[in-house]
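To start, the structure under review is shown below, and the notes come after it.
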Amino acid sequence: MSAAGEAPITLGVTGASGAPYAVRLLRALNDTATPVRLIVSSYGWRLLAEESGIDGLDALRAATGDWARVELYDALDRGATPASGSAPSRGMVICPCSMGTLASIAAGTSRNLVERAADVALKERRPLLLVPRETPLSLIHLENMTRLTRAGATVMPAAPGFYSRPRSIDDLVDFVVARILDHLGVEHGIGRRWRSGEA
């Protein structure tokens, strides 16, 4: 469980395919009582509806557990708390991260609060995890990912492994979410870790 008074993690949800990852990640953060600053873009809301049947805020709350430590921000409000480097933060994850969002962050254009909060994470040298789900990758995608990696971000494609012998889509989703939580420094019990020699 997260300690009381701990700085929040900013979670951005954009329009790339991968709504189940976002829903499971938010539920996992809530299950560990991790404070969350949540920003969902307009295309993120559309994605949640199309891929997970979550057609609004009430449905998202119902699917993700206790919201006692979640603050929701308007993605168009570039003056909100996550836009400020002086606001304490443990870092940010964008899950899923569209290639348009990734490109904007790489260019520093900060068109909305998701992108501005990511820009803040980079300039303050805080963890920034980007979870794209796109294939194949163009040279432009790869160059943007390289630029962001050099700037300090971690690019973590939603690419689950199979060594744990997943038996369901939920197992595949958990694999990716567990890796995200590991990189954010959130203790959890999701999934099965690799042990050399195990069948």
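Order determines the names: the first chain of the structure tokens is A, the second B, and so forth; residues in each chain are numbered 1 upward, and ligands are numbered 1 upward as they are shown.
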
**Request:** From range 10-190 of chain A, collect each residue whose DSSP state is strand (DSSP E) and return the set as a ChimeraX atom specification.
**Result:** /A:10-13,36-40,70-74,91-94,128-130,154-155

**Prompt:** Could you write out, as number ranges by chain, all the residues of range 82-196 of chain A that DSSP marks as helix (DSSP H, G or I)?
**Reply:** A: 82-83, 99-107, 113-123, 139-151, 169-184

**Request:** Using only C-alpha atoms, pick whichever of A:Ala106, A:Leu148, A:Leu142, A:Val36 has the shortest atom-to-atom distance to Leu72 in chain A.
**Result:**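 Smallest distance to Leu72 in chain A is found for A:Val36.
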
Using only C-alpha atoms, what does the table of range 55-121 of chain A residues within 10 Å of range 152-170 of chain A look like, with each row giving the shortest atom pair and its distance in Å to one decimal, sorted by chain and ascending number, as CSV?
residue,atom,partner,partner_atom,distance
A:Met92,CA,A:Ala153,CA,9.8
A:Val93,CA,A:Thr154,CA,9.3
A:Ile94,CA,A:Val155,CA,10.0
A:Cys95,CA,A:Ala158,CA,8.9
A:Pro96,CA,A:Ala158,CA,8.1
A:Cys97,CA,A:Pro157,CA,9.2
A:Leu102,CA,A:Val155,CA,9.7
A:Ala106,CA,A:Ala153,CA,9.9
A:Ala118,CA,A:Ala153,CA,9.2
A:Ala121,CA,A:Ala153,CA,8.7

**Request:** Find, counting only C-alpha atoms, the residue in A:Gly44, A:Thr14, A:Met99, A:Glu6 that gets nearest to Glu143 in chain A.
**Result:**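 With only C-alpha atoms as the atom set, the closest residue is A:Met99.
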
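Residue nearest Ser86 in chain A within the list A:Lys123, A:Arg111, A:Arg46, A:Arg150: A:Lys123 [criterion: smallest interatomic distance, only C-alpha atoms].
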
**Using only C-alpha atoms: which of A:Pro127, A:Pro82, A:Arg193, A:Ser89 has the shortest distance to Ala7 in chain A** =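 Once distances to Ala7 in chain A are computed over only C-alpha atoms, the minimum belongs to A:Ser89.
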
**Item:** Residue contacts of Trp67 in chain A (12 Å, only C-alpha atoms) excluding same-chain residues fewer than 2 positions away, as an MDAnalysis selection string
**Value:** chainID A and resid 26:38 57:58 60:65 69:72

Output of the above residues as a PDB file, in the first residue's frame, restricted to N, CA and C atoms:
ATOM      1  N   LEU A  26      -5.582   2.054 -13.785  1.00  0.00           N
ATOM      2  CA  LEU A  26      -6.242   2.922 -12.807  1.00  0.00           C
ATOM      3  C   LEU A  26      -6.784   2.098 -11.645  1.00  0.00           C
ATOM      4  N   ARG A  27      -7.352   0.924 -11.939  1.00  0.00           N
ATOM      5  CA  ARG A  27      -7.842   0.072 -10.864  1.00  0.00           C
ATOM      6  C   ARG A  27      -6.700  -0.367  -9.954  1.00  0.00           C
ATOM      7  N   ALA A  28      -5.560  -0.719 -10.538  1.00  0.00           N
ATOM      8  CA  ALA A  28      -4.408  -1.142  -9.740  1.00  0.00           C
ATOM      9  C   ALA A  28      -3.889   0.001  -8.865  1.00  0.00           C
ATOM     10  N   LEU A  29      -3.840   1.197  -9.408  1.00  0.00           N
ATOM     11  CA  LEU A  29      -3.406   2.349  -8.608  1.00  0.00           C
ATOM     12  C   LEU A  29      -4.384   2.607  -7.468  1.00  0.00           C
ATOM     13  N   ASN A  30      -5.672   2.483  -7.748  1.00  0.00           N
ATOM     14  CA  ASN A  30      -6.667   2.653  -6.693  1.00  0.00           C
ATOM     15  C   ASN A  30      -6.566   1.549  -5.647  1.00  0.00           C
ATOM     16  N   ASP A  31      -6.318   0.317  -6.085  1.00  0.00           N
ATOM     17  CA  ASP A  31      -6.195  -0.804  -5.145  1.00  0.00           C
ATOM     18  C   ASP A  31      -5.019  -0.630  -4.202  1.00  0.00           C
ATOM     19  N   THR A  32      -3.986   0.082  -4.640  1.00  0.00           N
ATOM     20  CA  THR A  32      -2.810   0.315  -3.792  1.00  0.00           C
ATOM     21  C   THR A  32      -2.869   1.674  -3.093  1.00  0.00           C
ATOM     22  N   ALA A  33      -4.031   2.322  -3.164  1.00  0.00           N
ATOM     23  CA  ALA A  33      -4.245   3.626  -2.524  1.00  0.00           C
ATOM     24  C   ALA A  33      -3.215   4.660  -2.976  1.00  0.00           C
ATOM     25  N   THR A  34      -2.829   4.586  -4.241  1.00  0.00           N
ATOM     26  CA  THR A  34      -1.891   5.545  -4.813  1.00  0.00           C
ATOM     27  C   THR A  34      -2.651   6.783  -5.270  1.00  0.00           C
ATOM     28  N   PRO A  35      -2.255   7.970  -4.827  1.00  0.00           N
ATOM     29  CA  PRO A  35      -2.930   9.176  -5.313  1.00  0.00           C
ATOM     30  C   PRO A  35      -2.706   9.355  -6.812  1.00  0.00           C
ATOM     31  N   VAL A  36      -3.758   9.726  -7.518  1.00  0.00           N
ATOM     32  CA  VAL A  36      -3.714   9.819  -8.979  1.00  0.00           C
ATOM     33  C   VAL A  36      -4.293  11.155  -9.431  1.00  0.00           C
ATOM     34  N   ARG A  37      -3.580  11.797 -10.351  1.00  0.00           N
ATOM     35  CA  ARG A  37      -4.127  12.927 -11.103  1.00  0.00           C
ATOM     36  C   ARG A  37      -4.485  12.375 -12.477  1.00  0.00           C
ATOM     37  N   LEU A  38      -5.746  12.298 -12.774  1.00  0.00           N
ATOM     38  CA  LEU A  38      -6.227  11.653 -13.986  1.00  0.00           C
ATOM     39  C   LEU A  38      -6.630  12.686 -15.028  1.00  0.00           C
ATOM     40  N   LEU A  57     -18.018   9.144 -16.987  1.00  0.00           N
ATOM     41  CA  LEU A  57     -17.310   9.152 -15.710  1.00  0.00           C
ATOM     42  C   LEU A  57     -17.858   8.123 -14.723  1.00  0.00           C
ATOM     43  N   ASP A  58     -19.174   8.026 -14.626  1.00  0.00           N
ATOM     44  CA  ASP A  58     -19.752   7.078 -13.676  1.00  0.00           C
ATOM     45  C   ASP A  58     -19.342   5.639 -13.998  1.00  0.00           C
ATOM     46  N   LEU A  60     -16.626   4.748 -15.588  1.00  0.00           N
ATOM     47  CA  LEU A  60     -15.200   4.590 -15.293  1.00  0.00           C
ATOM     48  C   LEU A  60     -14.973   4.397 -13.802  1.00  0.00           C
ATOM     49  N   ARG A  61     -15.691   5.138 -12.991  1.00  0.00           N
ATOM     50  CA  ARG A  61     -15.594   4.952 -11.533  1.00  0.00           C
ATOM     51  C   ARG A  61     -15.995   3.539 -11.140  1.00  0.00           C
ATOM     52  N   ALA A  62     -17.081   3.055 -11.709  1.00  0.00           N
ATOM     53  CA  ALA A  62     -17.580   1.723 -11.363  1.00  0.00           C
ATOM     54  C   ALA A  62     -16.592   0.634 -11.737  1.00  0.00           C
ATOM     55  N   ALA A  63     -15.805   0.861 -12.802  1.00  0.00           N
ATOM     56  CA  ALA A  63     -14.884  -0.159 -13.300  1.00  0.00           C
ATOM     57  C   ALA A  63     -13.518  -0.134 -12.625  1.00  0.00           C
ATOM     58  N   THR A  64     -13.242   0.914 -11.838  1.00  0.00           N
ATOM     59  CA  THR A  64     -11.861   1.089 -11.365  1.00  0.00           C
ATOM     60  C   THR A  64     -11.721   1.241  -9.853  1.00  0.00           C
ATOM     61  N   GLY A  65     -12.744   0.924  -9.105  1.00  0.00           N
ATOM     62  CA  GLY A  65     -12.591   0.889  -7.647  1.00  0.00           C
ATOM     63  C   GLY A  65     -12.729   2.235  -6.961  1.00  0.00           C
ATOM     64  N   ARG A  69      -8.741   8.799  -3.799  1.00  0.00           N
ATOM     65  CA  ARG A  69      -7.460   9.488  -4.002  1.00  0.00           C
ATOM     66  C   ARG A  69      -7.236   9.865  -5.468  1.00  0.00           C
ATOM     67  N   VAL A  70      -8.329   9.935  -6.228  1.00  0.00           N
ATOM     68  CA  VAL A  70      -8.242  10.313  -7.645  1.00  0.00           C
ATOM     69  C   VAL A  70      -8.782  11.728  -7.829  1.00  0.00           C
ATOM     70  N   GLU A  71      -8.015  12.550  -8.538  1.00  0.00           N
ATOM     71  CA  GLU A  71      -8.486  13.875  -8.956  1.00  0.00           C
ATOM     72  C   GLU A  71      -8.552  13.875 -10.481  1.00  0.00           C
ATOM     73  N   LEU A  72      -9.711  14.222 -11.023  1.00  0.00           N
ATOM     74  CA  LEU A  72      -9.907  14.251 -12.470  1.00  0.00           C
ATOM     75  C   LEU A  72      -9.753  15.681 -12.975  1.00  0.00           C
TER      76      LEU A  72
END

**Item:** Residue nearest Ala103 in chain A - candidates A:His183, A:Arg24, A:Arg192, A:His141, atoms counted: only C-alpha atoms
**Value:**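 Using only C-alpha atoms, Ala103 in chain A sits closest to A:His141.
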